[in-house]
Number of protein chains: 6
Amino acid sequence: MNKTAVYPGTFDPITNGHIDIIKRAARLYDTLYVGLAVSQEKKPLFTVKERLGFIKQAAEGMPNVRVEFFKGLAVDYVRSKKSMVVVRGLRMISDFEYEFQMALTNRKLADDIETIFMMPHEKYAYLSSKLIKEIVYLGADASSFVPDFVEAALRRKLKKHD
Amino acid sequence: MNKTAVYPGTFDPITNGHIDIIKRAARLYDTLYVGLAVSQEKKPLFTVKERLGFIKQAAEGMPNVRVEFFKGLAVDYVRSKKSMVVVRGLRMISDFEYEFQMALTNRKLADDIETIFMMPHEKYAYLSSKLIKEIVYLGADASSFVPDFVEAALRRKLKKHD
Amino acid sequence: MNKTAVYPGTFDPITNGHIDIIKRAARLYDTLYVGLAVSQEKKPLFTVKERLGFIKQAAEGMPNVRVEFFKGLAVDYVRSKKSMVVVRGLRMISDFEYEFQMALTNRKLADDIETIFMMPHEKYAYLSSKLIKEIVYLGADASSFVPDFVEAALRRKLKKHD
Amino acid sequence: MNKTAVYPGTFDPITNGHIDIIKRAARLYDTLYVGLAVSQEKKPLFTVKERLGFIKQAAEGMPNVRVEFFKGLAVDYVRSKKSMVVVRGLRMISDFEYEFQMALTNRKLADDIETIFMMPHEKYAYLSSKLIKEIVYLGADASSFVPDFVEAALRRKLKKHD
Amino acid sequence: MNKTAVYPGTFDPITNGHIDIIKRAARLYDTLYVGLAVSQEKKPLFTVKERLGFIKQAAEGMPNVRVEFFKGLAVDYVRSKKSMVVVRGLRMISDFEYEFQMALTNRKLADDIETIFMMPHEKYAYLSSKLIKEIVYLGADASSFVPDFVEAALRRKLKKHD
Amino acid sequence: MNKTAVYPGTFDPITNGHIDIIKRAARLYDTLYVGLAVSQEKKPLFTVKERLGFIKQAAEGMPNVRVEFFKGLAVDYVRSKKSMVVVRGLRMISDFEYEFQMALTNRKLADDIETIFMMPHEKYAYLSSKLIKEIVYLGADASSFVPDFVEAALRRKLKKHD
């Protein structure tokens with residue numbers, strides 16, 4: 001049976017909403033792999049190393065969570081972990097189109113792997129890495145959206161100069 | 001860890017889409033309870049006994065699937081099974097509003113229980129028990145929407161008289 | 001080729017939005033059948049005879065529009081007209097779920113018949129027979145939502161007594 | 001200028017989400033009328049008198065909130081209050097179709113009156129009077145969804161007999 | 001009470017839909033600030049000066065409308081105007097996801113400021129600055145989508161050479 | 001009457017979903033023009049010549065399908081073909097916003113031309129040229145999403161080097 005699940009994403013950077021999903025999924029599986037998808041095409045704000053560091057720091061104290069990066073297809077990574085479950089967060093405000101396309105496309109690529117959607121706490125329903133970056137760039141305090149160490153890093157990278 | 005999951009519903013009657021979700025969920029858990037929610041307020045077409053019979057017949061050959069009815073709250077039923085997972089199907093064409101309201105309300109009632117959404121095969125994306133009843137009433141052949149024994153029962157209950 | 005199309009519905013009563021779709025579809029086909037679906041289960045406000053009368057009056061001056069009622073499945077009615085096209089209006093504010101379910105279910109029942117969706121003029125985007133009935137019942141003037149003869153009939157059936 | 005706004009609804013019963021909107025709207029206007037729409041057609045669980053009582057109790061300590069019932073069209077009620085603003089809550093999970101239809105229909109009936117949509121706190125995003133009634137009927141504790149006095153009343157009306 | 005509201009946006013360029021919202025909001029408040037958000041990251045077609053000029057010309061004859069640009073967070077700009085109301089247009093066809101995320105994020109940044117959503121006239125339901133630019137680039141006449149002076153400017157910037 | 005319809009798009013590259021729509025529309029019209037929209041602004045993966053070649057190869061054996069490219073507005077192209085019908089596919093998972101905006105904008109530009117929406121087979125509901133390119137870039141086999149000759153071309157353009 002499915003002892004292992006994978007939560008893939010780009011996590012640029014990890015938000016409190018991602019962390020909520022990690023906590024919820026970690027309760028449901030013996031091992032949860034948080035898989036940072038590395039793509040040369042997208043231009044992330046944070047490096048792979050920085051993003052991995054953030055996720056690891058956020059997952060401290062969750063003994064059954066492993067944090068890794070992967071290249072290539074998510075389904076290949078899932079298989080390499082002997083898992084058959086992809087976890088995705090589905091907010092009330094979500095890009096359903098993209099999530100459903102990806103889930104059905106992954107199923108066509110690997111029929112033995114299921115995507116399960118979990119809902120984050122409703123207080124994270126509006127969080128988006130993209131929007132957080134935009135408002136920090138404009139000077140906002142993001143400490144209620146991301147962990148403190150991510151907020152500090154965002155500020156260093158994005159804060160406007162006085 | 002979560003060896004047991006519960007798939008609650010009214011199943012009036014069970015469709016090929018429900019059966020697809022049962023198959024997919026049964027692969028992910030040691031035991032899957034299909035829980036028929038009995039409510040005095042709704043006026044189902046089929047009796048509880050009939051509906052249980054259909055589900056059991058559909059689940060033949062799936063050794064880790066148990067079929068039961070329950071009264072009261074779904075979360076109480078889930079707890080009574082020592083489970084922490086509610087499975088729900090989420091079609092591309094879905095009543096998201098109702099599903100999300102129910103999932104978040106259930107979480108408020110029982111914070112330790114998670115709803116996971118799974119997608120049925122896209123070929124079942126348009127199936128709805130309500131619509132199937134409507135078209136059989138109008139004379140349609142529903143054999144591509146429900147198992148044969150359900151189609152026969154629908155026809156007996158709903159088919160127009162010649 | 002498709003010289004004939006069918007626009008099915010319950011038209012209880014016909015609104016300016018329905019009439020807009022009839023006009024648009026009538027321009028695209030040699031013959032357009034407006035098919036009033038008769039169902040014993042639904043409880044319409046107007047009788048079949050009244051509703052047919054309204055549609056016919058609304059379609060006056062459209063020589064290639066035929067108005068009929070039908071019983072049973074829409075796809076059977078479409079076939080009886082040697083047509084392969086079902087026309088449905090799709091407003092920006094629509095019950096997509098129902099429309100898509102019906103279209104895909106109809107396709108499964110009759111693979112040779114296509115549903116085409118047309119958009120009414122945006123000024124009719126918010127019209128709904130149900131809402132019109134509600135507000136006329138509460139005393140509203142519906143003359144900008146339905147033809148005058150329908151407004152008069154609605155008033156007779158629904159207007160509150162002084 | 002708009003010193004007065006109206007928040008119409010059926011409030012059967014009032015939820016914490018409604019109360020959140022009342023608080024937010026009361027901050028924006030000199031006077032906020034909460035207008036209980038009385039309709040003979042709908043079958044509410046609570047009487048007009050009970051529902052008015054709940055709203056008044058919930059609005060205690062909000063000096064600029066008036067609680068009334070009205071018959072007929074909402075726009076006529078709004079005009080009778082010399083107001084030009086209808087307030088409606090718009091949850092992330094909402095019946096957009098109905099809300100938009102109603103807003104545009106009201107505009108057609110009264111072009112001088114605007115509907116403004118406000119978002120309740122995200123923690124109320126999933127609240128629905130209908131769902132609350134369903135789960136209390138099944139035995140749930142609704143004290144995190146409605147005020148205590150409403151919960152007690154719901155329990156009296158709906159709680160299953162032991 | 002809220003005598004002042006702010007309507008922020010990028011207005012690149014202002015459309016008839018924006019102008020409709022400005023007119024409606026100006027009727028509801030003593031003073032309406034139209035705030036042009038200046039961001040170095042986005043690459044607008046028109047300069048800040050051009051866009052301000054278009055808005056001012058469009059708002060001629062509306063004595064209680066002020067047109068300004070601002071840098072930084074919208075909520076900070078709103079506070080600097082002693083306002084507590086952000087106005088946003090919500091079309092039937094809208095980017096709800098973005099609007100709701102922004103509204104809830106703004107609330108977290110400034111709990112005393114409310115976003116109110118207003119619907120433009122349905123005849124502007126389909127207008128989008130982005131789409132207008134695309135079609136003018138392809139040679140379309142945009143005079144029914146934007147004021148004449150904006151259409152002329154668009155043509156100068158975008159029209160294909162003969 | 002409408003003997004001719006036009007199916008415009010960028011087809012970068014054509015997918016099995018596009019081909020399904022072409023087949024369905026070709027059955028409804030005497031002549032169907034598949035019109036490849038050429039825009040200098042978008043950066044397609046395949047050249048106009050390549051994309052035309054793919055469409056022509058996919059449409060082999062459909063005698064009433066013509067494949068062409070066009071510059072400028074789709075409605076002008078439609079008129080040049082003496083057609084009054086634009087065909088667009090509308091998947092359950094779709095960018096409704098964009099499709100509806102485009103349809104209503106086209107109507108404003110050319111009131112005599114109607115957009116009709118057709119649904120592809122539900123098995124293509126999740127196909128997107130963009131997502132297909134992403135996953136082939138990551139190493140996936142796309143042979144169930146596109147014709148073989150397109151898959152081979154995608155692989156040549158996108159496949160990661162070993």
# chains A, B, ... in the order shown; residues from 1 in each chain; ligands from 1
$ residues_around --residues "Tyr7 of chain C" --least-positions-apart "2" --cutoff "10 Å" --atoms "only C-alpha atoms" --output "list in words"
Ala5, Gly9, His18, Ile21, Ile22, Ala25, Ala26, Leu32, Tyr33, Val34, Gly35, Leu36, Val67, Ala74, Val78, Val85, Val86, Val87, Arg88, Gly89, Thr115 and Ile116 of chain C
$ write_last_selection --atoms "N, CA, C and O atoms" --output "mmCIF file, in the first residue's frame"
data_model
loop_
_atom_site.group_PDB
_atom_site.id
_atom_site.type_symbol
_atom_site.label_atom_id
_atom_site.label_comp_id
_atom_site.auth_asym_id
_atom_site.auth_seq_id
_atom_site.Cartn_x
_atom_site.Cartn_y
_atom_site.Cartn_z
ATOM 1 N N ALA C 5 -31.282 22.764 -38.027
ATOM 2 C CA ALA C 5 -30.814 22.690 -36.643
ATOM 3 C C ALA C 5 -32.012 22.718 -35.706
ATOM 4 O O ALA C 5 -33.108 23.134 -36.101
ATOM 5 N N GLY C 9 -35.606 23.306 -25.573
ATOM 6 C CA GLY C 9 -35.666 23.989 -24.280
ATOM 7 C C GLY C 9 -37.048 23.868 -23.676
ATOM 8 O O GLY C 9 -37.945 23.260 -24.269
ATOM 9 N N HIS C 18 -33.597 34.076 -25.266
ATOM 10 C CA HIS C 18 -33.930 32.969 -26.159
ATOM 11 C C HIS C 18 -34.188 33.478 -27.580
ATOM 12 O O HIS C 18 -33.740 32.871 -28.557
ATOM 13 N N ILE C 21 -31.073 34.163 -29.481
ATOM 14 C CA ILE C 21 -30.430 32.944 -29.993
ATOM 15 C C ILE C 21 -31.198 32.420 -31.216
ATOM 16 O O ILE C 21 -30.582 31.981 -32.207
ATOM 17 N N ILE C 22 -32.515 32.456 -31.156
ATOM 18 C CA ILE C 22 -33.309 31.992 -32.306
ATOM 19 C C ILE C 22 -32.949 32.790 -33.559
ATOM 20 O O ILE C 22 -32.705 32.224 -34.625
ATOM 21 N N ALA C 25 -29.384 31.814 -34.730
ATOM 22 C CA ALA C 25 -29.301 30.467 -35.307
ATOM 23 C C ALA C 25 -30.064 30.392 -36.625
ATOM 24 O O ALA C 25 -29.654 29.689 -37.556
ATOM 25 N N ALA C 26 -31.170 31.142 -36.706
ATOM 26 C CA ALA C 26 -31.970 31.100 -37.937
ATOM 27 C C ALA C 26 -31.184 31.629 -39.134
ATOM 28 O O ALA C 26 -31.428 31.236 -40.273
ATOM 29 N N LEU C 32 -34.709 26.149 -38.805
ATOM 30 C CA LEU C 32 -34.431 25.998 -37.377
ATOM 31 C C LEU C 32 -35.711 25.560 -36.682
ATOM 32 O O LEU C 32 -36.729 26.260 -36.739
ATOM 33 N N TYR C 33 -35.645 24.411 -36.047
ATOM 34 C CA TYR C 33 -36.764 23.966 -35.227
ATOM 35 C C TYR C 33 -36.544 24.402 -33.786
ATOM 36 O O TYR C 33 -35.506 24.074 -33.192
ATOM 37 N N VAL C 34 -37.486 25.146 -33.252
ATOM 38 C CA VAL C 34 -37.475 25.425 -31.823
ATOM 39 C C VAL C 34 -38.339 24.352 -31.184
ATOM 40 O O VAL C 34 -39.545 24.280 -31.439
ATOM 41 N N GLY C 35 -37.704 23.474 -30.403
ATOM 42 C CA GLY C 35 -38.394 22.309 -29.856
ATOM 43 C C GLY C 35 -38.681 22.478 -28.374
ATOM 44 O O GLY C 35 -37.757 22.511 -27.567
ATOM 45 N N LEU C 36 -39.950 22.567 -28.040
ATOM 46 C CA LEU C 36 -40.357 22.716 -26.652
ATOM 47 C C LEU C 36 -40.390 21.332 -26.004
ATOM 48 O O LEU C 36 -41.216 20.485 -26.375
ATOM 49 N N VAL C 67 -41.868 25.962 -34.941
ATOM 50 C CA VAL C 67 -42.034 25.817 -33.494
ATOM 51 C C VAL C 67 -42.870 24.579 -33.217
ATOM 52 O O VAL C 67 -43.977 24.449 -33.742
ATOM 53 N N ALA C 74 -34.175 14.634 -26.419
ATOM 54 C CA ALA C 74 -33.897 15.660 -27.420
ATOM 55 C C ALA C 74 -33.211 15.051 -28.646
ATOM 56 O O ALA C 74 -33.532 15.407 -29.783
ATOM 57 N N VAL C 78 -34.223 15.415 -32.532
ATOM 58 C CA VAL C 78 -33.306 15.967 -33.539
ATOM 59 C C VAL C 78 -33.229 15.024 -34.739
ATOM 60 O O VAL C 78 -33.312 15.461 -35.904
ATOM 61 N N VAL C 85 -27.674 18.829 -35.572
ATOM 62 C CA VAL C 85 -27.167 19.960 -34.806
ATOM 63 C C VAL C 85 -28.163 20.371 -33.721
ATOM 64 O O VAL C 85 -29.319 20.686 -34.017
ATOM 65 N N VAL C 86 -27.685 20.372 -32.468
ATOM 66 C CA VAL C 86 -28.433 20.944 -31.358
ATOM 67 C C VAL C 86 -27.824 22.302 -31.047
ATOM 68 O O VAL C 86 -26.609 22.409 -30.856
ATOM 69 N N VAL C 87 -28.652 23.334 -30.989
ATOM 70 C CA VAL C 87 -28.183 24.673 -30.646
ATOM 71 C C VAL C 87 -28.505 24.943 -29.182
ATOM 72 O O VAL C 87 -29.609 24.652 -28.729
ATOM 73 N N ARG C 88 -27.523 25.475 -28.463
ATOM 74 C CA ARG C 88 -27.769 25.899 -27.084
ATOM 75 C C ARG C 88 -27.126 27.260 -26.872
ATOM 76 O O ARG C 88 -26.044 27.537 -27.410
ATOM 77 N N GLY C 89 -27.788 28.107 -26.104
ATOM 78 C CA GLY C 89 -27.197 29.394 -25.745
ATOM 79 C C GLY C 89 -26.240 29.220 -24.585
ATOM 80 O O GLY C 89 -26.484 28.425 -23.683
ATOM 81 N N THR C 115 -23.673 19.244 -30.478
ATOM 82 C CA THR C 115 -24.212 20.431 -29.827
ATOM 83 C C THR C 115 -23.305 21.605 -30.154
ATOM 84 O O THR C 115 -22.085 21.512 -29.985
ATOM 85 N N ILE C 116 -23.891 22.681 -30.656
ATOM 86 C CA ILE C 116 -23.094 23.896 -30.842
ATOM 87 C C ILE C 116 -23.631 24.956 -29.883
ATOM 88 O O ILE C 116 -24.836 25.110 -29.702
#
$ interface_residues --of "chain D" --to "chain B" --cutoff "6 Å" --atoms "only C-alpha atoms" --output "PyMOL selection string"
chain D and resi 93+126+138
$ residues_around --residues "Pro120 of chain F" --least-positions-apart "2" --cutoff "10 Å" --atoms "only C-alpha atoms" --output "number ranges by chain"
C: 104; F: 16-24, 88-92, 117-118, 122-125
$ atom_distance --atom1 "atom CA of Asn64 of chain C" --atom2 "atom CA of Thr31 of chain C"
4.9 Å
$ select_by_dssp --residues "segment 45-153 of chain C" --states "helix (DSSP H, G or I)" --output "PyMOL selection string"
chain C and resi 48-58+74-80+96-109+122-124+129-137+148-153
$ closest_residue --among "C:Phe145, C:Phe54, C:Phe70, C:Tyr137" --to "Val38 of chain C" --atoms "only C-alpha atoms"
C:Phe70
$ select_by_dssp --residues "chain D" --states "strand (DSSP E or B)" --output "number ranges by chain"
D: 4-9, 31-37, 65-70, 85-89, 114-118
$ write_last_selection --atoms "C-alpha atoms" --output "PDB file, in the first residue's frame"
ATOM      1  CA  THR D   4     -27.058  54.739   3.757  1.00  0.00           C
ATOM      2  CA  ALA D   5     -26.693  51.202   2.476  1.00  0.00           C
ATOM      3  CA  VAL D   6     -28.911  48.154   2.493  1.00  0.00           C
ATOM      4  CA  TYR D   7     -27.860  44.535   3.014  1.00  0.00           C
ATOM      5  CA  PRO D   8     -30.779  42.354   1.903  1.00  0.00           C
ATOM      6  CA  GLY D   9     -31.132  38.622   2.407  1.00  0.00           C
ATOM      7  CA  THR D  31     -26.536  53.808   8.407  1.00  0.00           C
ATOM      8  CA  LEU D  32     -26.765  50.182   7.307  1.00  0.00           C
ATOM      9  CA  TYR D  33     -30.161  48.589   6.944  1.00  0.00           C
ATOM     10  CA  VAL D  34     -30.172  44.817   7.176  1.00  0.00           C
ATOM     11  CA  GLY D  35     -33.309  43.978   5.209  1.00  0.00           C
ATOM     12  CA  LEU D  36     -34.910  40.598   5.714  1.00  0.00           C
ATOM     13  CA  ALA D  37     -36.649  39.679   2.469  1.00  0.00           C
ATOM     14  CA  VAL D  65     -27.274  49.124  12.012  1.00  0.00           C
ATOM     15  CA  ARG D  66     -31.057  48.928  11.597  1.00  0.00           C
ATOM     16  CA  VAL D  67     -32.794  45.577  11.190  1.00  0.00           C
ATOM     17  CA  GLU D  68     -36.070  45.381   9.300  1.00  0.00           C
ATOM     18  CA  PHE D  69     -38.058  43.085   7.066  1.00  0.00           C
ATOM     19  CA  PHE D  70     -39.436  44.046   3.689  1.00  0.00           C
ATOM     20  CA  VAL D  85     -26.347  50.968  -2.432  1.00  0.00           C
ATOM     21  CA  VAL D  86     -27.083  47.258  -2.108  1.00  0.00           C
ATOM     22  CA  VAL D  87     -24.415  45.310  -0.237  1.00  0.00           C
ATOM     23  CA  ARG D  88     -23.849  41.641  -0.987  1.00  0.00           C
ATOM     24  CA  GLY D  89     -21.228  39.269   0.334  1.00  0.00           C
ATOM     25  CA  GLU D 114     -25.565  50.023  -7.343  1.00  0.00           C
ATOM     26  CA  THR D 115     -24.745  46.606  -5.937  1.00  0.00           C
ATOM     27  CA  ILE D 116     -21.381  46.485  -4.223  1.00  0.00           C
ATOM     28  CA  PHE D 117     -19.819  43.145  -3.396  1.00  0.00           C
ATOM     29  CA  MET D 118     -17.717  42.762  -0.267  1.00  0.00           C
TER      30      MET D 118
END
$ decode --residues "segment 13-77 of chain C" --atoms "C-alpha atoms" --output "mmCIF file, in the first residue's frame"
data_model
loop_
_atom_site.group_PDB
_atom_site.id
_atom_site.type_symbol
_atom_site.label_atom_id
_atom_site.label_comp_id
_atom_site.auth_asym_id
_atom_site.auth_seq_id
_atom_site.Cartn_x
_atom_site.Cartn_y
_atom_site.Cartn_z
ATOM 1 C CA PRO C 13 -41.541 31.488 -20.662
ATOM 2 C CA ILE C 14 -39.435 32.532 -23.644
ATOM 3 C CA THR C 15 -37.174 35.507 -22.865
ATOM 4 C CA ASN C 16 -35.469 38.106 -25.024
ATOM 5 C CA GLY C 17 -32.311 36.035 -24.613
ATOM 6 C CA HIS C 18 -33.930 32.969 -26.159
ATOM 7 C CA ILE C 19 -35.282 35.093 -28.993
ATOM 8 C CA ASP C 20 -31.818 36.475 -29.645
ATOM 9 C CA ILE C 21 -30.430 32.944 -29.993
ATOM 10 C CA ILE C 22 -33.309 31.992 -32.306
ATOM 11 C CA LYS C 23 -32.527 34.960 -34.571
ATOM 12 C CA ARG C 24 -28.831 34.184 -34.659
ATOM 13 C CA ALA C 25 -29.301 30.467 -35.307
ATOM 14 C CA ALA C 26 -31.970 31.100 -37.937
ATOM 15 C CA ARG C 27 -29.378 33.025 -39.951
ATOM 16 C CA LEU C 28 -27.057 30.016 -39.954
ATOM 17 C CA TYR C 29 -29.452 27.266 -41.060
ATOM 18 C CA ASP C 30 -32.045 26.694 -43.743
ATOM 19 C CA THR C 31 -34.526 25.567 -41.132
ATOM 20 C CA LEU C 32 -34.431 25.998 -37.377
ATOM 21 C CA TYR C 33 -36.764 23.966 -35.227
ATOM 22 C CA VAL C 34 -37.475 25.425 -31.823
ATOM 23 C CA GLY C 35 -38.394 22.309 -29.856
ATOM 24 C CA LEU C 36 -40.357 22.716 -26.652
ATOM 25 C CA ALA C 37 -39.410 19.809 -24.397
ATOM 26 C CA VAL C 38 -42.480 18.472 -22.657
ATOM 27 C CA SER C 39 -41.768 16.732 -19.375
ATOM 28 C CA GLN C 40 -44.362 15.512 -16.948
ATOM 29 C CA GLU C 41 -41.996 15.858 -14.044
ATOM 30 C CA LYS C 42 -41.249 19.560 -14.162
ATOM 31 C CA LYS C 43 -44.006 21.906 -13.080
ATOM 32 C CA PRO C 44 -43.970 24.758 -15.568
ATOM 33 C CA LEU C 45 -45.753 28.035 -14.912
ATOM 34 C CA PHE C 46 -47.249 28.121 -18.404
ATOM 35 C CA THR C 47 -48.960 25.267 -20.240
ATOM 36 C CA VAL C 48 -47.411 23.716 -23.329
ATOM 37 C CA LYS C 49 -50.040 25.492 -25.400
ATOM 38 C CA GLU C 50 -49.266 28.864 -23.848
ATOM 39 C CA ARG C 51 -45.525 28.425 -24.248
ATOM 40 C CA LEU C 52 -45.857 27.322 -27.880
ATOM 41 C CA GLY C 53 -48.023 30.367 -28.494
ATOM 42 C CA PHE C 54 -45.421 32.702 -27.032
ATOM 43 C CA ILE C 55 -42.615 31.203 -29.100
ATOM 44 C CA LYS C 56 -44.664 31.343 -32.292
ATOM 45 C CA GLN C 57 -45.591 34.963 -31.691
ATOM 46 C CA ALA C 58 -41.940 35.788 -30.968
ATOM 47 C CA ALA C 59 -40.828 34.020 -34.142
ATOM 48 C CA GLU C 60 -43.276 35.784 -36.415
ATOM 49 C CA GLY C 61 -41.476 37.180 -39.398
ATOM 50 C CA MET C 62 -38.797 34.498 -39.257
ATOM 51 C CA PRO C 63 -39.907 32.328 -42.146
ATOM 52 C CA ASN C 64 -37.404 29.504 -41.597
ATOM 53 C CA VAL C 65 -38.255 28.936 -37.935
ATOM 54 C CA ARG C 66 -40.611 26.100 -37.004
ATOM 55 C CA VAL C 67 -42.034 25.817 -33.494
ATOM 56 C CA GLU C 68 -43.003 22.421 -32.118
ATOM 57 C CA PHE C 69 -43.145 20.458 -28.909
ATOM 58 C CA PHE C 70 -41.591 17.055 -28.402
ATOM 59 C CA LYS C 71 -41.674 14.284 -25.840
ATOM 60 C CA GLY C 72 -38.792 12.017 -24.961
ATOM 61 C CA LEU C 73 -35.111 12.555 -25.627
ATOM 62 C CA ALA C 74 -33.897 15.660 -27.420
ATOM 63 C CA VAL C 75 -31.566 13.566 -29.576
ATOM 64 C CA ASP C 76 -34.483 11.452 -30.814
ATOM 65 C CA TYR C 77 -36.357 14.606 -31.726
#
